[in-house]
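Next comes upload07.cif, with mmCIF, C-alpha atoms and all ligand atoms.
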data_start
#
loop_
_atom_site.label_atom_id
_atom_site.label_comp_id
_atom_site.auth_asym_id
_atom_site.auth_seq_id
_atom_site.Cartn_x
_atom_site.Cartn_y
_atom_site.Cartn_z
CA MET A 1023 -27.48 -0.01 10.49
CA ASN A 1024 -25.05 -1.59 12.93
CA ASN A 1025 -26.17 -5.17 13.52
CA ALA A 1026 -24.38 -7.40 15.99
CA VAL A 1027 -25.69 -10.70 17.27
CA ALA A 1028 -24.71 -12.99 20.14
CA GLY A 1029 -24.82 -16.79 19.89
CA PHE A 1030 -25.65 -16.77 16.17
CA SER A 1031 -24.09 -20.18 15.51
CA LYS A 1032 -26.41 -21.73 18.09
CA LEU A 1033 -29.59 -20.51 16.34
CA SER A 1034 -31.49 -22.92 14.09
CA LYS A 1035 -31.13 -22.48 10.32
CA LYS A 1036 -34.62 -20.92 10.21
CA GLU A 1037 -33.78 -18.48 13.00
CA LYS A 1038 -30.54 -17.50 11.26
CA ILE A 1039 -32.37 -16.79 8.02
CA ASN A 1040 -35.03 -14.78 9.82
CA TRP A 1041 -32.39 -12.74 11.59
CA ILE A 1042 -30.65 -11.97 8.28
CA ALA A 1043 -33.96 -11.14 6.58
CA ASP A 1044 -35.17 -8.89 9.42
CA SER A 1045 -31.83 -7.18 9.93
CA TYR A 1046 -30.91 -6.31 6.36
CA PHE A 1047 -34.03 -6.23 4.18
CA SER A 1048 -36.95 -3.87 3.88
CA ASN A 1049 -38.94 -6.81 2.50
CA PRO A 1050 -37.91 -9.76 4.71
CA GLU A 1051 -40.38 -12.21 3.11
CA GLU A 1052 -38.84 -11.63 -0.29
CA ALA A 1053 -35.32 -12.19 1.10
CA VAL A 1054 -36.42 -15.45 2.77
CA SER A 1055 -38.02 -16.55 -0.48
CA ILE A 1056 -34.81 -15.92 -2.49
CA ILE A 1057 -32.77 -17.82 0.09
CA ARG A 1058 -35.19 -20.76 0.06
CA ASN A 1059 -35.38 -20.83 -3.73
CA TYR A 1060 -31.78 -22.00 -3.81
CA TRP A 1061 -32.27 -24.85 -1.34
CA ASN A 1062 -32.08 -28.29 -2.83
CA SER A 1063 -35.46 -30.03 -2.95
CA ASP A 1064 -33.77 -33.20 -1.67
CA ASP A 1065 -33.55 -32.57 2.10
CA LYS A 1066 -30.71 -35.03 2.59
CA LEU A 1067 -28.61 -33.40 -0.10
CA GLN A 1068 -29.33 -29.99 1.35
CA GLN A 1069 -28.28 -31.22 4.78
CA LEU A 1070 -25.01 -32.46 3.31
CA HIS A 1071 -24.33 -28.98 1.94
CA ASP A 1072 -25.45 -27.32 5.17
CA GLU A 1073 -22.86 -29.32 7.05
CA PHE A 1074 -19.90 -28.42 4.82
CA ILE A 1075 -19.60 -25.11 6.66
CA GLU A 1076 -21.01 -23.28 9.65
CA ASN A 1077 -24.05 -20.96 9.45
CA THR A 1078 -25.17 -22.18 6.01
CA ILE A 1079 -28.31 -20.39 4.90
CA THR A 1080 -28.50 -21.52 1.27
CA ASN A 1081 -26.38 -22.48 -1.77
CA LEU A 1082 -24.68 -20.19 -4.26
CA TYR A 1083 -24.79 -21.84 -7.65
CA ILE A 1084 -21.95 -21.57 -10.12
CA PRO A 1085 -22.50 -23.12 -13.57
CA LEU A 1086 -20.75 -26.43 -14.15
CA GLY A 1087 -19.84 -26.83 -17.81
CA VAL A 1088 -17.70 -29.27 -19.77
CA ALA A 1089 -15.03 -28.68 -22.39
CA PRO A 1090 -14.70 -31.80 -24.59
CA ASN A 1091 -12.07 -32.88 -27.14
CA PHE A 1092 -8.97 -32.33 -25.01
CA LEU A 1093 -6.32 -34.60 -26.45
CA ILE A 1094 -3.87 -35.02 -23.56
CA ASN A 1095 -0.90 -37.38 -23.89
CA GLY A 1096 -2.72 -39.19 -26.69
CA LYS A 1097 -6.07 -39.67 -24.88
CA TYR A 1098 -9.25 -37.68 -25.31
CA LYS A 1099 -10.64 -36.09 -22.15
CA THR A 1100 -13.71 -34.04 -21.35
CA ILE A 1101 -12.85 -31.45 -18.75
CA PRO A 1102 -15.47 -30.32 -16.21
CA MET A 1103 -15.26 -26.64 -15.36
CA ALA A 1104 -17.15 -24.71 -12.68
CA ILE A 1105 -17.05 -21.01 -13.51
CA GLU A 1106 -19.32 -17.99 -13.83
CA GLU A 1107 -17.34 -16.08 -16.51
CA SER A 1108 -19.22 -16.41 -19.79
CA SER A 1109 -16.42 -16.99 -22.30
CA VAL A 1110 -14.16 -19.42 -20.41
CA VAL A 1111 -15.67 -22.83 -21.30
CA ALA A 1112 -16.24 -21.80 -24.92
CA ALA A 1113 -12.60 -20.67 -25.18
CA ALA A 1114 -11.33 -23.90 -23.62
CA SER A 1115 -13.39 -26.04 -26.00
CA LYS A 1116 -12.16 -24.05 -28.99
CA ALA A 1117 -8.52 -24.34 -27.94
CA ALA A 1118 -8.99 -28.07 -27.28
CA LYS A 1119 -10.38 -28.64 -30.74
CA TYR A 1120 -7.69 -26.50 -32.35
CA TRP A 1121 -4.83 -28.48 -30.77
CA SER A 1122 -6.51 -31.87 -31.23
CA THR A 1123 -5.55 -31.71 -34.91
CA ARG A 1124 -2.03 -30.48 -34.17
CA GLY A 1125 -0.71 -33.24 -31.91
CA GLY A 1126 -2.72 -32.38 -28.79
CA PHE A 1127 -1.39 -31.39 -25.38
CA LYS A 1128 1.57 -33.02 -23.71
CA ALA A 1129 1.64 -32.91 -19.93
CA THR A 1130 4.24 -34.18 -17.48
CA VAL A 1131 4.38 -34.13 -13.71
CA ILE A 1132 7.90 -33.02 -12.80
CA ASP A 1133 7.71 -33.66 -9.05
CA THR A 1134 5.12 -34.10 -6.27
CA GLU A 1135 6.92 -33.04 -3.10
CA LYS A 1136 4.84 -31.21 -0.46
CA ILE A 1137 6.25 -29.04 2.32
CA GLY A 1138 5.47 -28.29 5.96
CA GLN A 1139 7.26 -26.38 8.68
CA VAL A 1140 7.52 -26.13 12.45
CA HIS A 1141 8.50 -22.53 13.21
CA PHE A 1142 10.30 -22.07 16.50
CA ILE A 1143 12.44 -19.71 18.53
CA PHE A 1144 15.66 -20.94 20.12
CA ASN A 1145 17.76 -18.52 22.13
CA GLY A 1146 20.84 -20.70 22.63
CA ASP A 1147 23.90 -22.09 20.89
CA ALA A 1148 23.07 -23.10 17.29
CA GLU A 1149 25.83 -25.74 17.23
CA LYS A 1150 24.20 -27.48 20.16
CA LEU A 1151 20.79 -27.23 18.51
CA ASN A 1152 22.25 -28.86 15.42
CA SER A 1153 23.68 -31.84 17.35
CA PHE A 1154 20.44 -32.12 19.31
CA PHE A 1155 18.45 -32.19 16.04
CA ASN A 1156 20.65 -34.91 14.53
CA GLN A 1157 20.35 -36.95 17.71
CA ILE A 1158 16.55 -36.81 17.85
CA LYS A 1159 15.81 -36.87 14.10
CA PRO A 1160 14.84 -40.59 14.07
CA LYS A 1161 12.26 -39.83 16.77
CA PHE A 1162 10.39 -37.51 14.41
CA PHE A 1163 9.84 -40.55 12.19
CA SER A 1164 9.16 -43.10 14.92
CA GLU A 1165 6.77 -40.92 16.89
CA THR A 1166 4.62 -40.21 13.82
CA GLN A 1167 4.31 -43.92 12.96
CA SER A 1168 0.60 -44.09 13.78
CA ILE A 1169 -0.06 -41.11 11.49
CA THR A 1170 2.18 -42.24 8.62
CA LYS A 1171 1.33 -45.96 8.57
CA ASN A 1172 -1.50 -45.78 6.03
CA MET A 1173 0.24 -43.20 3.88
CA GLN A 1174 3.34 -45.42 3.77
CA GLN A 1175 1.20 -48.32 2.58
CA ARG A 1176 0.05 -46.12 -0.29
CA GLY A 1177 3.69 -45.32 -1.15
CA GLY A 1178 3.86 -41.93 0.56
CA GLY A 1179 5.03 -40.52 3.87
CA ILE A 1180 7.62 -38.17 5.30
CA LEU A 1181 10.52 -37.71 2.85
CA ASP A 1182 12.92 -35.67 4.96
CA ILE A 1183 13.16 -33.27 7.88
CA GLN A 1184 15.79 -30.57 8.06
CA LEU A 1185 16.77 -28.02 10.64
CA LYS A 1186 16.96 -24.53 9.14
CA ASP A 1187 18.68 -21.58 10.75
CA LYS A 1188 16.74 -18.43 9.84
CA ARG A 1189 18.38 -16.05 12.30
CA ASN A 1190 19.50 -13.78 9.48
CA LEU A 1191 15.78 -13.00 8.93
CA LEU A 1192 14.38 -12.94 12.47
CA GLU A 1193 16.02 -13.05 15.89
CA ASN A 1194 16.46 -16.64 17.18
CA TYR A 1195 14.22 -18.01 14.43
CA PHE A 1196 14.67 -21.65 13.35
CA GLN A 1197 12.53 -24.15 11.45
CA LEU A 1198 11.97 -27.81 11.04
CA HIS A 1199 11.48 -27.92 7.30
CA ALA A 1200 9.82 -31.19 6.31
CA THR A 1201 9.01 -32.67 2.91
CA PHE A 1202 6.25 -35.17 2.20
CA GLU A 1203 4.82 -37.41 -0.50
CA THR A 1204 1.04 -37.64 -0.13
CA LYS A 1205 0.14 -39.67 -3.28
CA ASP A 1206 -3.52 -39.10 -4.33
CA SER A 1207 -4.50 -36.94 -1.38
CA MET A 1208 -3.79 -33.24 -1.16
CA GLY A 1209 -2.33 -34.15 2.21
CA ALA A 1210 -3.14 -31.07 4.30
CA ASN A 1211 -4.49 -33.05 7.28
CA PHE A 1212 -1.73 -35.64 7.05
CA ILE A 1213 1.02 -33.01 6.90
CA ASN A 1214 -0.43 -30.85 9.67
CA SER A 1215 -0.86 -33.88 11.95
CA CYS A 1216 2.77 -34.91 11.35
CA LEU A 1217 3.98 -31.36 11.99
CA GLU A 1218 2.09 -31.05 15.26
CA GLN A 1219 3.65 -34.32 16.39
CA PHE A 1220 7.12 -33.06 15.33
CA ALA A 1221 6.52 -29.97 17.47
CA ALA A 1222 5.48 -32.10 20.46
CA THR A 1223 8.56 -34.33 20.02
CA LEU A 1224 10.81 -31.29 19.69
CA LYS A 1225 9.51 -29.73 22.91
CA GLU A 1226 9.55 -32.98 24.87
CA GLU A 1227 13.07 -33.97 23.76
CA ALA A 1228 14.43 -30.47 24.41
CA HIS A 1229 12.92 -30.56 27.87
CA ASN A 1230 14.60 -33.90 28.63
CA SER A 1231 17.93 -33.10 26.95
CA ASP A 1232 21.01 -32.35 29.02
CA LEU A 1233 22.66 -30.63 26.02
CA PHE A 1234 21.05 -27.30 26.79
CA SER A 1235 21.62 -25.03 29.75
CA GLU A 1236 18.65 -23.83 31.78
CA ASN A 1237 18.46 -20.55 29.85
CA GLU A 1238 18.44 -22.20 26.43
CA THR A 1239 14.81 -22.75 25.46
CA ILE A 1240 12.87 -23.89 22.42
CA LYS A 1241 9.52 -22.14 21.94
CA VAL A 1242 7.34 -23.44 19.11
CA VAL A 1243 5.45 -20.61 17.38
CA MET A 1244 3.37 -22.71 14.97
CA SER A 1245 3.28 -25.86 12.87
CA ILE A 1246 1.66 -25.71 9.45
CA LEU A 1247 2.00 -26.97 5.89
CA SER A 1248 3.14 -24.54 3.20
CA ASN A 1249 0.90 -23.82 0.24
CA TYR A 1250 4.04 -22.85 -1.64
CA VAL A 1251 5.04 -26.09 -3.35
CA PRO A 1252 7.77 -25.25 -5.90
CA ASN A 1253 8.70 -28.95 -6.08
CA CYS A 1254 5.17 -30.16 -6.78
CA VAL A 1255 5.13 -29.04 -10.38
CA VAL A 1256 3.49 -29.98 -13.65
CA ARG A 1257 4.35 -28.92 -17.19
CA ALA A 1258 1.88 -28.69 -20.09
CA GLU A 1259 2.89 -28.03 -23.66
CA VAL A 1260 1.64 -27.69 -27.22
CA SER A 1261 3.78 -27.48 -30.32
CA CYS A 1262 3.48 -27.68 -34.09
CA PRO A 1263 5.23 -26.48 -37.24
CA VAL A 1264 4.60 -22.74 -37.62
CA GLU A 1265 2.86 -23.20 -40.96
CA GLU A 1266 0.17 -25.30 -39.27
CA LEU A 1267 -0.91 -22.34 -37.13
CA THR A 1268 -3.80 -21.49 -39.38
CA GLU A 1269 -7.51 -20.79 -38.97
CA LYS A 1270 -10.10 -18.17 -39.85
CA HIS A 1271 -8.40 -15.35 -37.96
CA ILE A 1272 -4.84 -16.35 -38.80
CA THR A 1273 -3.91 -15.59 -42.39
CA ASN A 1274 -0.14 -15.38 -41.92
CA PRO A 1275 1.00 -18.15 -39.50
CA LEU A 1276 4.55 -16.86 -39.04
CA GLU A 1277 3.35 -13.34 -38.29
CA PHE A 1278 0.82 -14.78 -35.83
CA ALA A 1279 3.44 -16.99 -34.15
CA GLU A 1280 5.85 -14.07 -33.80
CA ARG A 1281 3.20 -11.79 -32.33
CA PHE A 1282 2.10 -14.57 -29.97
CA VAL A 1283 5.69 -15.07 -28.74
CA GLN A 1284 6.03 -11.30 -28.26
CA ALA A 1285 2.80 -11.24 -26.24
CA VAL A 1286 4.25 -13.93 -23.95
CA GLN A 1287 7.59 -12.09 -23.71
CA ILE A 1288 5.74 -8.95 -22.60
CA ALA A 1289 4.07 -10.97 -19.81
CA GLU A 1290 7.51 -12.34 -18.86
CA ILE A 1291 9.02 -8.91 -18.30
CA GLU A 1292 6.09 -6.64 -17.41
CA PRO A 1293 4.27 -7.36 -14.11
CA PHE A 1294 1.12 -5.37 -15.01
CA ARG A 1295 0.62 -7.55 -18.06
CA ALA A 1296 1.85 -10.71 -16.27
CA VAL A 1297 -0.94 -10.49 -13.69
CA THR A 1298 -3.67 -10.33 -16.35
CA HIS A 1299 -1.92 -12.96 -18.47
CA ASN A 1300 -1.78 -15.31 -15.47
CA LYS A 1301 -5.37 -14.43 -14.54
CA GLY A 1302 -6.34 -15.87 -17.92
CA ILE A 1303 -4.44 -19.08 -17.05
CA MET A 1304 -6.23 -19.19 -13.69
CA ASN A 1305 -9.59 -18.99 -15.51
CA GLY A 1306 -8.88 -22.53 -16.68
CA VAL A 1307 -7.03 -23.74 -13.59
CA ASP A 1308 -9.58 -22.56 -10.99
CA ALA A 1309 -12.56 -23.84 -12.96
CA VAL A 1310 -11.20 -27.41 -12.88
CA ILE A 1311 -9.97 -27.06 -9.29
CA LEU A 1312 -13.49 -26.04 -8.20
CA ALA A 1313 -15.23 -28.73 -10.24
CA THR A 1314 -13.00 -31.40 -8.69
CA GLY A 1315 -13.47 -30.17 -5.12
CA ASN A 1316 -9.91 -28.98 -4.61
CA ASP A 1317 -8.73 -25.98 -2.61
CA PHE A 1318 -8.57 -23.08 -5.08
CA ARG A 1319 -7.24 -20.62 -2.46
CA ALA A 1320 -4.25 -22.88 -1.80
CA VAL A 1321 -3.62 -23.31 -5.51
CA GLU A 1322 -3.95 -19.56 -6.22
CA ALA A 1323 -1.59 -18.59 -3.38
CA GLY A 1324 1.00 -21.17 -4.42
CA ILE A 1325 0.89 -20.40 -8.12
CA HIS A 1326 1.29 -16.65 -7.69
CA ALA A 1327 4.21 -17.16 -5.30
CA TYR A 1328 5.76 -19.39 -7.97
CA ALA A 1329 5.20 -16.67 -10.58
CA SER A 1330 7.36 -14.39 -8.38
CA ARG A 1331 10.09 -16.90 -7.60
CA ASN A 1332 12.79 -14.98 -9.46
CA GLY A 1333 12.11 -11.75 -7.58
CA GLN A 1334 9.59 -10.20 -9.96
CA TYR A 1335 6.07 -11.35 -10.77
CA SER A 1336 6.21 -12.91 -14.23
CA SER A 1337 4.37 -15.04 -16.77
CA LEU A 1338 3.66 -18.67 -15.89
CA SER A 1339 3.75 -19.59 -19.57
CA HIS A 1340 6.46 -19.32 -22.20
CA ALA A 1341 6.63 -19.56 -25.99
CA LYS A 1342 9.29 -19.90 -28.65
CA ILE A 1343 9.82 -20.51 -32.35
CA GLU A 1344 12.81 -22.75 -33.03
CA ASN A 1345 13.67 -24.43 -36.33
CA GLY A 1346 10.21 -23.63 -37.67
CA ILE A 1347 8.45 -25.18 -34.67
CA PHE A 1348 6.14 -23.13 -32.46
CA THR A 1349 6.17 -24.30 -28.82
CA PHE A 1350 4.00 -22.92 -26.05
CA TRP A 1351 4.18 -24.26 -22.49
CA LEU A 1352 3.60 -23.56 -18.84
CA GLU A 1353 4.84 -24.90 -15.55
CA ILE A 1354 2.77 -24.52 -12.41
CA PRO A 1355 2.91 -25.89 -8.87
CA LEU A 1356 -0.26 -27.78 -7.92
CA ALA A 1357 -1.01 -29.64 -4.67
CA LEU A 1358 -4.16 -31.57 -5.56
CA GLY A 1359 -6.15 -34.49 -4.26
CA THR A 1360 -8.44 -37.00 -5.90
CA VAL A 1361 -9.22 -38.83 -2.66
CA GLY A 1362 -10.36 -37.45 0.69
CA GLY A 1363 -11.97 -34.11 1.46
CA LEU A 1364 -14.82 -32.98 -0.78
CA THR A 1365 -13.80 -35.51 -3.45
CA SER A 1366 -15.61 -38.28 -1.62
CA LEU A 1367 -18.39 -36.16 -0.08
CA HIS A 1368 -19.80 -33.91 -2.78
CA PRO A 1369 -21.91 -35.85 -5.33
CA LEU A 1370 -21.12 -33.42 -8.16
CA VAL A 1371 -17.41 -33.45 -7.40
CA LYS A 1372 -17.53 -37.26 -7.56
CA LEU A 1373 -19.37 -37.01 -10.87
CA CYS A 1374 -16.74 -34.62 -12.26
CA LEU A 1375 -13.98 -37.01 -11.24
CA GLU A 1376 -15.88 -39.79 -13.04
CA ILE A 1377 -16.06 -37.63 -16.18
CA LEU A 1378 -12.27 -37.42 -15.87
CA GLN A 1379 -12.22 -41.23 -15.50
CA LYS A 1380 -11.18 -41.21 -11.84
CA PRO A 1381 -7.76 -39.64 -12.26
CA SER A 1382 -4.85 -40.01 -9.87
CA ALA A 1383 -3.67 -36.74 -8.32
CA LYS A 1384 -0.86 -36.69 -10.90
CA GLU A 1385 -3.30 -37.12 -13.79
CA LEU A 1386 -5.46 -34.34 -12.37
CA MET A 1387 -2.38 -32.09 -12.17
CA GLU A 1388 -1.88 -32.71 -15.90
CA VAL A 1389 -5.51 -31.95 -16.75
CA VAL A 1390 -5.50 -28.72 -14.71
CA ALA A 1391 -2.26 -27.51 -16.27
CA VAL A 1392 -3.63 -28.25 -19.73
CA ALA A 1393 -6.83 -26.33 -18.96
CA GLY A 1394 -4.68 -23.37 -17.90
CA LEU A 1395 -2.53 -23.55 -21.03
CA ALA A 1396 -5.58 -23.88 -23.31
CA GLN A 1397 -7.18 -20.84 -21.70
CA ASN A 1398 -3.98 -18.85 -22.09
CA PHE A 1399 -3.70 -19.90 -25.74
CA ALA A 1400 -7.29 -18.87 -26.43
CA ALA A 1401 -6.83 -15.48 -24.75
CA LEU A 1402 -3.55 -14.71 -26.53
CA ARG A 1403 -4.92 -15.89 -29.88
CA SER A 1404 -7.82 -13.44 -29.56
CA LEU A 1405 -5.71 -10.64 -28.12
CA THR A 1406 -3.12 -10.83 -30.91
CA THR A 1407 -5.68 -11.14 -33.72
CA THR A 1408 -9.27 -9.92 -33.38
CA GLY A 1409 -9.13 -8.60 -29.78
CA ILE A 1410 -11.17 -10.26 -27.05
CA GLN A 1411 -14.26 -8.10 -27.10
CA GLN A 1412 -15.80 -9.72 -30.17
CA GLY A 1413 -16.00 -13.13 -28.48
CA HIS A 1414 -16.73 -11.74 -25.03
CA MET A 1415 -19.63 -9.60 -26.24
CA LYS A 1416 -21.13 -12.55 -28.08
CA MET A 1417 -21.25 -14.45 -24.80
CA HIS A 1418 -22.28 -11.32 -22.92
CA LEU A 1419 -25.30 -10.95 -25.23
CA ASN A 1420 -26.95 -13.85 -23.38
CA ASN A 1421 -26.42 -12.14 -20.04
CA ILE A 1422 -28.05 -8.94 -21.32
CA ILE A 1423 -30.95 -10.92 -22.79
CA ASN A 1424 -31.46 -12.62 -19.42
CA GLN A 1425 -31.16 -9.34 -17.56
CA PHE A 1426 -34.07 -8.02 -19.65
CA GLU A 1427 -36.01 -11.27 -19.20
CA ALA A 1428 -36.56 -11.53 -22.94
CA ASP A 1429 -39.14 -14.08 -24.10
CA GLU A 1430 -38.34 -16.70 -26.75
CA GLN A 1431 -39.51 -14.60 -29.69
CA GLU A 1432 -37.52 -11.55 -28.53
CA ARG A 1433 -34.50 -13.78 -27.94
CA GLN A 1434 -34.53 -15.01 -31.53
CA LEU A 1435 -34.95 -11.53 -32.95
CA ILE A 1436 -32.13 -10.14 -30.80
CA LYS A 1437 -29.76 -12.98 -31.72
CA ALA A 1438 -30.55 -12.70 -35.42
CA HIS A 1439 -29.96 -8.94 -35.36
CA PHE A 1440 -26.64 -9.16 -33.49
CA LYS A 1441 -25.32 -11.89 -35.74
CA LYS A 1442 -24.90 -9.15 -38.32
CA ASN A 1443 -24.35 -6.11 -36.09
CA ALA A 1444 -21.69 -5.15 -33.57
CA ILE A 1445 -22.64 -6.02 -29.99
CA SER A 1446 -22.36 -3.40 -27.29
CA HIS A 1447 -24.35 -3.12 -24.09
CA SER A 1448 -26.07 0.09 -25.22
CA ALA A 1449 -26.83 -1.27 -28.71
CA VAL A 1450 -28.51 -4.35 -27.24
CA VAL A 1451 -30.49 -2.30 -24.71
CA GLU A 1452 -31.61 0.09 -27.44
CA PHE A 1453 -32.65 -2.80 -29.70
CA ILE A 1454 -34.68 -4.42 -26.91
CA GLU A 1455 -36.35 -1.13 -26.03
CA ASN A 1456 -37.27 -0.55 -29.67
CA LEU A 1457 -38.65 -4.08 -29.92
CA ARG A 1458 -40.86 -3.47 -26.91
CA LYS A 1459 -42.22 -0.12 -28.09
C1 LIG A 1501 -10.22 -12.46 -18.95
O1 LIG A 1501 -10.90 -13.19 -17.97
C2 LIG A 1501 -8.84 -13.04 -19.17
C3 LIG A 1501 -7.95 -12.26 -20.13
O2 LIG A 1501 -7.85 -10.88 -19.71
C4 LIG A 1501 -6.59 -12.92 -20.08
C5 LIG A 1501 -5.51 -12.19 -20.83
O3 LIG A 1501 -5.59 -10.95 -20.98
O4 LIG A 1501 -4.57 -12.87 -21.26
C6 LIG A 1501 -8.51 -12.26 -21.51
#
Take the structure in the file and write it out as structure tokens.
Ligand code: MEV
Amino acid sequence: MNNAVAGFSKLSKKEKINWIADSYFSNPEEAVSIIRNYWNSDDKLQQLHDEFIENTITNLYIPLGVAPNFLINGKYKTIPMAIEESSVVAAASKAAKYWSTRGGFKATVIDTEKIGQVHFIFNGDAEKLNSFFNQIKPKFFSETQSITKNMQQRGGGILDIQLKDKRNLLENYFQLHATFETKDSMGANFINSCLEQFAATLKEEAHNSDLFSENETIKVVMSILSNYVPNCVVRAEVSCPVEELTEKHITNPLEFAERFVQAVQIAEIEPFRAVTHNKGIMNGVDAVILATGNDFRAVEAGIHAYASRNGQYSSLSHAKIENGIFTFWLEIPLALGTVGGLTSLHPLVKLCLEILQKPSAKELMEVVAVAGLAQNFAALRSLTTTGIQQGHMKMHLNNIINQFEADEQERQLIKAHFKKNAISHSAVVEFIENLRK
């Protein structure tokens, strides 16, 4: 089928749903019923969600869980996590508990500088452009006063603006490269508004300047923040004497520590492994980013660029054994907000921020980095000892049980059986089929 529609955004919600149901389903009533089943029974709340985006037809639920017992910089935190992958919250909670008796997590924000750029083409004398830029630089600050006033009151604002000559990369290409401090907001709107004003000032001043000849023109291509924020970075760390690295699956702590360090080294030098290794870190990072209403696409893009900053995609985390001490840490760039955007609009996001005791953006950076490190620790601990399938299949058992719509009695029998027997998809299916014979 090749379905196109004109004026879709102008249809009512009901008309949109009917169009979808009629166009793509052999049983349109059933499709409408599934869509409606996920509406919130509170009309006002549903309307709030409808208005977050265009053409909303319903809501896609993702479980919101919590991982308690995270000892971070000496304080216990419960971390909200929104994620569909079955083992992630369990792994986070386990790692949290494990490190709570070994000194906990230490997290430090290294810097919080954000970046934005005005990309433009100038076909004239670069020396002249440089003098022109230095002459008009104060105007970039003065002409953004109405935008920066509130941010300055909160201790933020524009940090610096530089002219960058990029002609070695693209003909006549220059940039205004600006840095910002945006305190507890992620700052996207603030930065983009400043940049668009910089662009307007640049064009206006160039037009009025007698430095340039008639043929020397400035043409702005675009003005936009960068989601690559290598100077907005947080570090999270755990460490303990090697002999304290014990638990059920770790009989020889030194052997475990050495294998763990090797696993990290492999991710440092081998991109195929690094991607999966970092994916495990992102399991923790994204879940907290989503739960706190932050922009996970921005965070993902920025973090993976950071993982490639030395020319090859590499591990975000590192580990070492020195003088009998095992240390495991990561550093990631994170541009987060705890005010503005969804943080003040979405009731569940607000609730999650309350669970985190209303953190500042810096505190949230610490929590997110810790969630990433905990997830990475849990994955590497399993991978270097029992393998991950044992834990994964245990969690997956629930999904299979649900898939087969097992009743309570069946549930108990299945769980009891697979406590003692190895879980595989086919073994569970076979067991259920036998039960139902
Ligand atoms: C699965 O979601 C994440 C892992 O693959 C991460 C890793 O391999 O380190 C277990």
note = Between A:Ile1180, A:Val1242, A:Ala1114, A:Val1390, smallest distance to Asn1091 in chain A by all atoms listed in the file belongs to A:Ala1114
inquiry  = Which residues are near ligand LIG 1501 (chain A) - at most 7 Å, using all atoms listed in the file? Format: as a VMD selection string.
reply    = chain A and resid 1298 to 1302 1305 1398 1401 to 1402 1410
Selection above as a file: C-alpha atoms, as a short mmCIF file (atom, residue, chain, number, x, y, z; two decimals), keeping the file's coordinate frame:
data_model
loop_
_atom_site.label_atom_id
_atom_site.label_comp_id
_atom_site.auth_asym_id
_atom_site.auth_seq_id
_atom_site.Cartn_x
_atom_site.Cartn_y
_atom_site.Cartn_z
CA THR A 1298 -3.67 -10.33 -16.35
CA HIS A 1299 -1.92 -12.96 -18.47
CA ASN A 1300 -1.78 -15.31 -15.47
CA LYS A 1301 -5.37 -14.43 -14.54
CA GLY A 1302 -6.34 -15.87 -17.92
CA ASN A 1305 -9.59 -18.99 -15.51
CA ASN A 1398 -3.98 -18.85 -22.09
CA ALA A 1401 -6.83 -15.48 -24.75
CA LEU A 1402 -3.55 -14.71 -26.53
CA ILE A 1410 -11.17 -10.26 -27.05
#
message = Can you tell me which residues surround range 1117-1123 of chain A at a distance of at most 12 Å, considering only C-alpha atoms, apart from same-chain residues fewer than 4 positions away, and format the answer as a PyMOL selection string?
response = chain A and resi 1088-1101+1110-1113+1127-1128+1259-1262+1266-1270+1306+1349-1350+1389+1392-1404
inquiry  = Counting all atoms listed in the file, which residue out of A:His1071, A:Lys1066, A:Lys1241, A:Lys1442 sits closest to Asn1145 in chain A?
reply    = A:Lys1241
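Between CA of Val1310 in chain A and CA of Val1256 in chain A there is a distance of 14.9 Å.
Minimum atom-to-atom distance to Pro1263 in chain A, evaluated using all atoms listed in the file, belongs to A:Ile1347 out of A:Ile1436, A:Ile1347, A:Ala1222, A:Val1286.
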request  = Around the point (-18.6, -32.7, -0.1) in the file's coordinates, collect all residues with an atom within 12 Å, using only C-alpha atoms, and return them as a PyMOL selection string.
outcome  = chain A and resi 1067-1075+1312-1316+1361-1373
key: Distance criterion (all atoms listed in the file): nearest to Asn1421 in chain A out of A:Ser1109, A:Asn1040, A:Met1387, A:Lys1205   = A:Ser1109
ask   = Which is closest to Gln1334 in chain A among A:Tyr1250, A:Phe1294, A:Phe1440, A:Phe1047, if we use only C-alpha atoms?
value = A:Phe1294
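Every polymer residue reaching to within 8 Å of (2.5, -24.3, 16.1), counting only C-alpha atoms, appears in this list: Val1140, His1141, Glu1218, Ala1221, Val1242, Val1243, Met1244, Ser1245 and Ile1246 of chain A.
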